[in-house]
Structure formats: structure tokens, C-alpha cells
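> Please see the structure below; I have some questions.
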Amino acid sequence: MDLQKQDLQKPDPRQPGPPAVSELRASDAERDRIADILHDALAEGRLTADEHAERVEGVLRAKTVGELEVFIRDLPAAHRRGTGPVHPAAPRRPTAGAIPIDPDDNVVAVFSSAARKGRWRAGRRIHAYAIFGSVEIDLSEALFDHQQVVVKSFAIFGSVDIRVPENVSLRGMGGGVLGSFEVATLDSGEPEAPVVYVDGWAVLGSVEARPRRGKVVADILDRVQRKADRSLRKHLGH
């Protein structure tokens, strides 16, 4: 009887195993990543305009991850993954106590429009209210004094549009009531990169957060050095 039980517990060799990564269905984010690599290859002169157009068309038709990888197999960018240290993904929520309760900045549009953009200094908490109006929060050229930034957004018959640099991490948690709340999740490869958290609600309106192509936080390494200098001064008692 025990032998029969053991036989029943053995895996059936005829049962298929889990699919390989290359066989998984491709997501829109993965298609965008491949398209970005092809765009960079065109700018570097690695692809001609015709080759670029042909490959991008193939990317749009690709169904699986393996089909996508074919289009960058002969490009250096396809072989750079995994060569550097692996950093943990940014946490889903801000660190407890890192964000104040009161906002550093309020951006309000009531039957009007309001914006924060250009070279401005982003606080730790930004509140955006769009009531029958539109609010634009553009962090693509902002100065980040803090690693964690929360943008609390409320759109009521209005819209809140948030743009961030490409090399930050972006997280979102909110919802829509007869409206749309869309946050394009980002993971930066830099451990010291800012993390932008977008929260809130869209009621008969929209909240959207996504990266602005070509914009990056250029002073990440400078901030790392300043952090090290502060730690050193503290250690030395200055």
C-alpha cells in the first residue's frame, strides 16, 4: 500500500513543466524597453533607418519575450544586463516617518490650470488638487533634496499630470471613481535614485504619472558624495 502511495506522489513525466522565460507573453513595458534600445542603436549608428523601422515593426508584432529578444541580440545593450551589482527594488510604500504629514507644496487648480515645472526644488510631500481644472507636476528637471517624494493627487472633474525623470523609481497606489488612475511603475538601477510615490484618487477625472523620455536626474552621484561627506563629518565630530 505504501508503495502505491509513493508511486502516486511521483511527478508524472508527461506533465509539462513551467514555461521558459522566452515563452512568456511580452508586456507593453517590455516592448517599450526593446524599442528604447533600438532607438539608442539608431542614434549610435549601429542600425540604419531602414533596419530600425523594420525591427520596431517586428517588436510591435512580437507576442513573447523570446521574440522580442531576437531584435536586439546583435546589439551590445542586450548583453549588459546582470553585469553590475543587483540592487533591491524600491519599497512599495515610503519609509515610516520619512514623509511629513503636512505638504511642502500645494498645487491647486479650480476651474483653472496650475503647474510646477522647470528647475524647481521638490519637497518631500506635494499635494495636487484639480477641481474642474488641470494640474501639471513636472519633476523631470527638478532638484531632489530628498530620496523619497510623495505626490498626493486628487482630480475631481479634472486632471493631474505627473512627469518624472527616467532614472528614478516610480510607485503608485490610488484609484478612480468613474475616472482613471494610471502610474507607470519604474525601477531605477541606482541605489541612491529618488523614489516618487503617487497616491490619491480620480473622481470623474484622471491622474497619470509616467517618465519623460530623455530626462534624467544628473546629480545622483553628487548627492551620494555629499551623503558620504556628511557621514564623515559626523564621524569626525564636525
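As shown in the C-alpha cells, the chain order sets the letters A, B, ...; within each chain, residues go from 1, and ligands are also counted from 1 in the order they appear.
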Hey, what's within 10 Å of Val203 (chain A) if we count only C-alpha atoms and toss same-chain stuff fewer than 4 positions away? As a PyMOL selection string, please?
chain A and resi 131+154-159+175-181+207
> Mind writing the picked residues with N, CA, C and O atoms as a compact mmCIF listing (two decimals), in the first residue's frame?

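As a result, out_14.txt now contains:
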# COMPACT_ATOMS: atom_id res chain seq x y z
N ILE A 131 -9.78 70.54 -9.57
CA ILE A 131 -11.24 70.51 -9.48
C ILE A 131 -11.79 71.32 -10.66
O ILE A 131 -11.65 72.55 -10.70
N PHE A 154 -5.46 64.61 -6.25
CA PHE A 154 -6.91 64.49 -6.25
C PHE A 154 -7.44 65.20 -7.49
O PHE A 154 -7.23 66.40 -7.66
N ALA A 155 -8.09 64.45 -8.35
CA ALA A 155 -8.67 65.01 -9.58
C ALA A 155 -10.17 64.80 -9.55
O ALA A 155 -10.64 63.66 -9.57
N ILE A 156 -10.93 65.89 -9.46
CA ILE A 156 -12.39 65.82 -9.44
C ILE A 156 -12.90 66.61 -10.65
O ILE A 156 -12.77 67.85 -10.68
N PHE A 157 -13.38 65.91 -11.63
CA PHE A 157 -13.75 66.54 -12.90
C PHE A 157 -12.56 67.32 -13.46
O PHE A 157 -12.73 68.39 -14.06
N GLY A 158 -11.37 66.80 -13.24
CA GLY A 158 -10.16 67.47 -13.71
C GLY A 158 -9.06 66.46 -13.96
O GLY A 158 -9.29 65.24 -13.98
N SER A 159 -7.83 66.93 -14.12
CA SER A 159 -6.71 66.04 -14.43
C SER A 159 -5.45 66.49 -13.69
O SER A 159 -5.19 67.68 -13.54
N GLY A 175 -6.75 55.16 -6.93
CA GLY A 175 -7.86 54.57 -7.65
C GLY A 175 -8.69 55.62 -8.35
O GLY A 175 -8.48 56.83 -8.19
N GLY A 176 -9.62 55.15 -9.13
CA GLY A 176 -10.51 56.03 -9.86
C GLY A 176 -11.96 55.67 -9.64
O GLY A 176 -12.31 54.49 -9.57
N VAL A 177 -12.78 56.67 -9.50
CA VAL A 177 -14.23 56.51 -9.40
C VAL A 177 -14.83 57.15 -10.64
O VAL A 177 -14.88 58.38 -10.76
N LEU A 178 -15.22 56.32 -11.60
CA LEU A 178 -15.64 56.81 -12.92
C LEU A 178 -14.55 57.71 -13.51
O LEU A 178 -14.82 58.68 -14.21
N GLY A 179 -13.31 57.35 -13.21
CA GLY A 179 -12.16 58.08 -13.72
C GLY A 179 -10.99 57.13 -13.87
O GLY A 179 -11.13 55.92 -13.70
N SER A 180 -9.81 57.65 -14.16
CA SER A 180 -8.64 56.79 -14.37
C SER A 180 -7.48 57.24 -13.49
O SER A 180 -7.22 58.44 -13.35
N PHE A 181 -6.81 56.27 -12.90
CA PHE A 181 -5.61 56.50 -12.10
C PHE A 181 -4.54 55.58 -12.66
O PHE A 181 -4.61 54.36 -12.50
N VAL A 207 -5.72 60.87 -13.13
CA VAL A 207 -4.39 61.07 -12.56
C VAL A 207 -3.44 60.17 -13.33
O VAL A 207 -3.68 58.96 -13.45
> Which residues come within 12 Å of His39 (chain A), counting only C-alpha atoms, excluding same-chain residues fewer than 3 positions away, as a PyMOL selection string?
chain A and resi 32-36+42-49+51-53+55-56+71-72+75+77+213-214
> Near Pro165 (chain A), counting only C-alpha atoms, which residues have an atom at most 12 Å away, once you skip same-chain residues fewer than 5 positions from it, shown as a PyMOL selection string?
chain A and resi 137-144+170+186-188+193-196+209-220
> Using DSSP secondary structure from the backbone, list all strand (DSSP E or B) positions within region 39-223 of chain A, as a PyMOL selection string.
chain A and resi 64+105-110+113-116+121-122+125-131+134-138+143-144+148-156+159-164+169-177+180-183+186+195-203+206-211
> CA of Gly123 (chain A) to CA of Ala29 (chain A): how many Å, to one decimal?
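One can read the CA of Gly123 (chain A) to CA of Ala29 (chain A) distance as 28.9 Å.
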> Got a sec: who's within 12 Å of Arg61 (chain A), counting only C-alpha atoms, leaving out chain neighbours fewer than 6 positions off, as a VMD selection string?
chain A and resid 25 to 28 31 54 to 55 67 to 68 71
> Please produce an output containing C-alpha atoms for each residue in the selection, written as a PDB file, in the first residue's frame.

ATOM      1  CA  ARG A  25       3.844  36.621 -23.173  1.00  0.00           C
ATOM      2  CA  ALA A  26       5.511  40.001 -23.632  1.00  0.00           C
ATOM      3  CA  SER A  27       4.157  43.079 -21.841  1.00  0.00           C
ATOM      4  CA  ASP A  28       3.891  46.625 -23.168  1.00  0.00           C
ATOM      5  CA  ARG A  31       8.147  46.182 -25.800  1.00  0.00           C
ATOM      6  CA  GLU A  54      11.890  47.057 -39.690  1.00  0.00           C
ATOM      7  CA  ARG A  55      12.847  45.959 -36.181  1.00  0.00           C
ATOM      8  CA  GLU A  67      10.539  37.006 -29.967  1.00  0.00           C
ATOM      9  CA  LEU A  68      11.430  40.444 -28.571  1.00  0.00           C
ATOM     10  CA  PHE A  71      15.621  42.098 -32.358  1.00  0.00           C
TER      11      PHE A  71
END
> Can you work out which one of A:Gly200, A:Asp102, A:Val110, A:Val168 has the shortest atom-to-atom distance to Glu182 (chain A), counting only C-alpha atoms?
A:Gly200
> Using only C-alpha atoms, determine which residues lie at most 12 Å from Ile126 (chain A), disregarding the query and same-chain residues fewer than 2 positions distant; provide the list as a PyMOL selection string.
chain A and resi 99-108+115-116+121-124+128-129+135-139+148-154+162+196-200
> From a DSSP pass on the backbone, collect the residues of region 10-212 of chain A flagged as helix (DSSP H, G or I) and hand them back as a count of residues only.
42
> Determine, counting only C-alpha atoms, which protein, DNA and RNA residues have an atom within 6 Å of an atom of Ala109 (chain A); residues of the same chain fewer than 5 positions away are not included. Present the result as a ChimeraX atom specification.
/A:114,130,133
> Would you mind exporting the chosen residues as a compact mmCIF listing (two decimals), in the first residue's frame, restricted to all heavy atoms?

# COMPACT_ATOMS: atom_id res chain seq x y z
N ALA A 114 -2.81 74.89 -13.18
CA ALA A 114 -1.66 75.23 -12.36
C ALA A 114 -0.54 74.25 -12.67
O ALA A 114 -0.79 73.11 -13.07
CB ALA A 114 -2.02 75.19 -10.88
N ALA A 130 -6.98 69.14 -8.50
CA ALA A 130 -7.54 69.61 -9.77
C ALA A 130 -9.05 69.43 -9.71
O ALA A 130 -9.55 68.31 -9.76
CB ALA A 130 -6.96 68.84 -10.95
N GLY A 133 -10.38 71.48 -13.34
CA GLY A 133 -9.18 72.14 -13.84
C GLY A 133 -8.09 71.13 -14.11
O GLY A 133 -8.31 69.91 -14.07
